[in-house]
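One file, run01.txt, is given below (compact mmCIF, C-alpha atoms).
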# COMPACT_ATOMS: atom_id res chain seq x y z
CA GLN A 1 4.81 -16.24 -7.57
CA VAL A 2 4.55 -13.65 -4.80
CA GLN A 3 2.53 -13.99 -1.62
CA LEU A 4 1.68 -10.90 0.40
CA VAL A 5 0.61 -10.70 4.04
CA GLU A 6 -0.50 -7.41 5.56
CA ALA A 7 -0.36 -6.53 9.25
CA GLY A 8 -0.75 -3.53 11.50
CA GLY A 9 -4.38 -2.59 11.05
CA GLY A 10 -6.64 -1.78 13.96
CA LEU A 11 -8.84 0.78 15.67
CA VAL A 12 -7.47 4.25 16.29
CA GLN A 13 -8.90 7.63 17.20
CA ALA A 14 -8.91 10.49 14.74
CA GLY A 15 -5.54 12.21 14.74
CA GLY A 16 -3.73 9.02 15.64
CA SER A 17 -1.21 6.95 13.71
CA LEU A 18 -0.80 3.41 12.46
CA ARG A 19 1.93 1.67 10.52
CA LEU A 20 0.94 -1.08 8.12
CA SER A 21 3.41 -3.64 6.92
CA CYS A 22 3.29 -6.07 4.04
CA ALA A 23 5.60 -9.05 4.07
CA ALA A 24 6.29 -10.62 0.70
CA SER A 25 7.57 -14.01 -0.24
CA GLY A 26 9.24 -14.69 -3.55
CA ARG A 27 12.49 -13.61 -5.12
CA THR A 28 10.91 -11.01 -7.39
CA PHE A 29 9.85 -8.67 -4.57
CA SER A 30 12.95 -6.49 -4.75
CA SER A 31 12.36 -5.86 -8.48
CA ALA A 32 8.67 -5.06 -8.23
CA ALA A 33 6.79 -1.85 -7.72
CA MET A 34 4.54 -2.08 -4.68
CA GLY A 35 1.31 -0.35 -3.82
CA TRP A 36 -1.22 0.16 -1.09
CA PHE A 37 -4.91 0.33 -1.94
CA ARG A 38 -8.00 0.67 0.22
CA GLN A 39 -11.65 -0.17 -0.07
CA ASP A 40 -14.59 0.88 2.04
CA PRO A 41 -17.81 -1.16 1.75
CA GLY A 42 -19.94 0.16 -1.06
CA LYS A 43 -17.05 1.99 -2.66
CA GLU A 44 -14.51 1.11 -5.32
CA ARG A 45 -10.99 0.14 -4.39
CA GLU A 46 -8.68 3.12 -4.68
CA VAL A 47 -4.95 3.57 -4.77
CA VAL A 48 -3.39 5.11 -1.66
CA ALA A 49 0.33 5.05 -2.38
CA SER A 50 2.87 3.31 -4.55
CA ILE A 51 6.63 2.94 -4.70
CA ASN A 52 9.10 1.76 -7.32
CA TRP A 53 11.44 -1.18 -6.85
CA ARG A 54 14.36 0.82 -5.53
CA GLY A 55 12.25 2.99 -3.24
CA GLY A 56 13.41 6.27 -4.73
CA ARG A 57 10.12 7.16 -6.41
CA THR A 58 6.77 7.34 -4.69
CA ASP A 59 3.28 8.48 -5.57
CA TYR A 60 0.30 9.31 -3.36
CA ALA A 61 -3.39 9.90 -3.67
CA ASP A 62 -4.23 13.55 -3.07
CA SER A 63 -6.34 12.62 -0.06
CA VAL A 64 -3.33 11.23 1.85
CA LYS A 65 -0.47 13.48 0.71
CA GLY A 66 1.41 14.89 3.65
CA ARG A 67 -0.11 12.34 6.06
CA PHE A 68 0.91 8.92 4.70
CA THR A 69 4.37 7.67 3.79
CA ILE A 70 5.16 4.52 1.82
CA SER A 71 8.57 2.90 2.18
CA ARG A 72 10.21 -0.45 1.60
CA ASP A 73 13.02 -2.58 2.91
CA ASN A 74 14.12 -4.96 0.17
CA ALA A 75 16.43 -6.81 2.53
CA LYS A 76 13.38 -7.73 4.60
CA ASN A 77 10.99 -8.17 1.66
CA THR A 78 8.64 -5.73 3.33
CA VAL A 79 6.78 -2.60 2.33
CA TYR A 80 5.32 -0.18 4.88
CA LEU A 81 2.63 2.45 5.03
CA GLN A 82 3.03 4.97 7.83
CA MET A 83 -0.29 6.70 8.40
CA ASN A 84 -0.39 9.85 10.51
CA ASP A 85 -3.17 12.27 11.38
CA LEU A 86 -5.76 9.64 10.56
CA LYS A 87 -9.29 10.72 9.76
CA PRO A 88 -12.59 8.80 9.90
CA GLU A 89 -12.67 8.83 6.10
CA ASP A 90 -9.49 6.75 6.10
CA THR A 91 -11.51 3.83 7.47
CA ALA A 92 -11.26 0.94 5.02
CA VAL A 93 -9.68 -2.41 4.34
CA TYR A 94 -6.12 -1.76 3.19
CA TYR A 95 -4.53 -4.04 0.61
CA CYS A 96 -0.94 -4.49 -0.41
CA ALA A 97 -0.17 -5.25 -4.05
CA ALA A 98 2.87 -6.19 -6.12
CA GLY A 99 3.43 -5.34 -9.75
CA PRO A 100 5.37 -7.27 -12.37
CA THR A 101 9.14 -6.84 -12.50
CA TYR A 102 9.06 -5.29 -15.99
CA LEU A 103 7.11 -2.34 -14.52
CA GLY A 104 9.24 -2.04 -11.39
CA GLY A 105 10.93 1.21 -12.36
CA SER A 106 7.99 3.48 -11.59
CA PRO A 107 5.20 3.74 -9.03
CA LEU A 108 1.98 2.24 -10.41
CA ARG A 109 -1.41 3.86 -9.95
CA ARG A 110 -3.80 1.48 -11.66
CA GLN A 111 -5.16 -1.70 -10.11
CA ASP A 112 -4.81 -3.58 -13.37
CA GLN A 113 -1.05 -3.00 -13.30
CA TYR A 114 -0.68 -5.16 -10.21
CA HIS A 115 -0.41 -8.94 -10.39
CA TYR A 116 -0.45 -10.01 -6.75
CA TRP A 117 -2.64 -8.97 -3.84
CA GLY A 118 -2.74 -9.54 -0.11
CA GLN A 119 -5.84 -10.41 1.88
CA GLY A 120 -6.18 -6.99 3.43
CA THR A 121 -6.12 -5.50 6.92
CA GLN A 122 -8.90 -3.44 8.48
CA VAL A 123 -8.21 0.12 9.57
CA THR A 124 -10.94 1.85 11.55
CA VAL A 125 -10.66 5.48 12.60
CA SER A 126 -13.13 6.71 15.18
CA SER A 127 -14.17 10.34 15.47
Give the structure from this file in structure tokens form.
Amino acid sequence: QVQLVEAGGGLVQAGGSLRLSCAASGRTFSSAAMGWFRQDPGKEREVVASINWRGGRTDYADSVKGRFTISRDNAKNTVYLQMNDLKPEDTAVYYCAAGPTYLGGSPLRRQDQYHYWGQGTQVTVSS
């Protein structure tokens, strides 16, 4: 069992930066691919970024490439999302998710590939 707790959301002006963190409990964290998703009211949840268990492979949605960076620290059981040059369209609730260990070797893009989810943290970008 893995429990995920996100932190770091808030209100920021366009062009600003935020760093989200996701603290995981459970021994399987270091073997699992991790992902960040977001959901705006009235829209479907979408993948933002994902990272494999070792941290050497990452994948990003086209809308955030060059602005967001996903990373992880397995010693701290934590995954991060550094968000720079934020835009109003980045406003959403951001969720952290953990995949199963047997899929840990690659970043995962699909929601149905993830087994555990955090409660989410709100990010609001004002224009």
Subject >> Shell around stretch 105-119 of chain A at 6 Å using only C-alpha atoms, local window under 5 positions removed, as a list in words >> reply: Leu4, Val5, Ala33, Ser50, Ile51, Asn52, Thr58, Tyr95, Cys96, Ala97, Ala98 and Gly99 of chain A
Subject >> Å distance separating atom CA of A:Ile70 from atom CA of A:Gly42, one decimal place >> reply: 25.6 Å
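Every protein or nucleic acid residue with an atom no more than 6 Å from A:Ala92, counting all atoms listed in the file and leaving out same-chain residues fewer than 5 positions away, appears here: Arg38, Gln39, Asp40 and Val123 of chain A.
Atom CA of A:Asn77 is found 5.4 Å from atom CA of A:Ala24.
For the pair atom CA of A:Gly8 and atom CA of A:Leu103, the separation is 27.2 Å.
Using only C-alpha atoms, the nearest neighbour of A:Arg54 within the list A:Ser30, A:Thr69, A:Ser127, A:Gln1 is A:Ser30.
With all atoms listed in the file as the basis for measurement, A:Met83 is the residue among A:Val125, A:Val93, A:Val64, A:Met83 that approaches A:Leu18 most closely.
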**OP:** Can you work out which one of A:Glu44, A:Ser25, A:Leu20, A:Gly104 has the shortest atom-to-atom distance to A:Gln82, counting all atoms listed in the file?
**Re:** A:Leu20
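Residue nearest A:Thr28, chosen from A:Thr101, A:Gln122, A:Gln13, A:Asn74 and counting all atoms listed in the file: A:Thr101.
Using all atoms listed in the file for every distance, the candidate list A:Tyr80, A:Ala75, A:Leu86, A:Lys43 yields A:Leu86 as the residue closest to A:Ser63.
Here the question is which of A:Ser17, A:Tyr102, A:Gly10, A:Ser126 gets nearest to A:Glu89 using only C-alpha atoms, and that residue is A:Ser126.
Residues lying within 7 Å of A:Thr78, counting all atoms listed in the file and ignoring same-chain neighbours fewer than 6 positions away, are Ser21, Cys22, Ala23, Ala24 and Arg72 of chain A.
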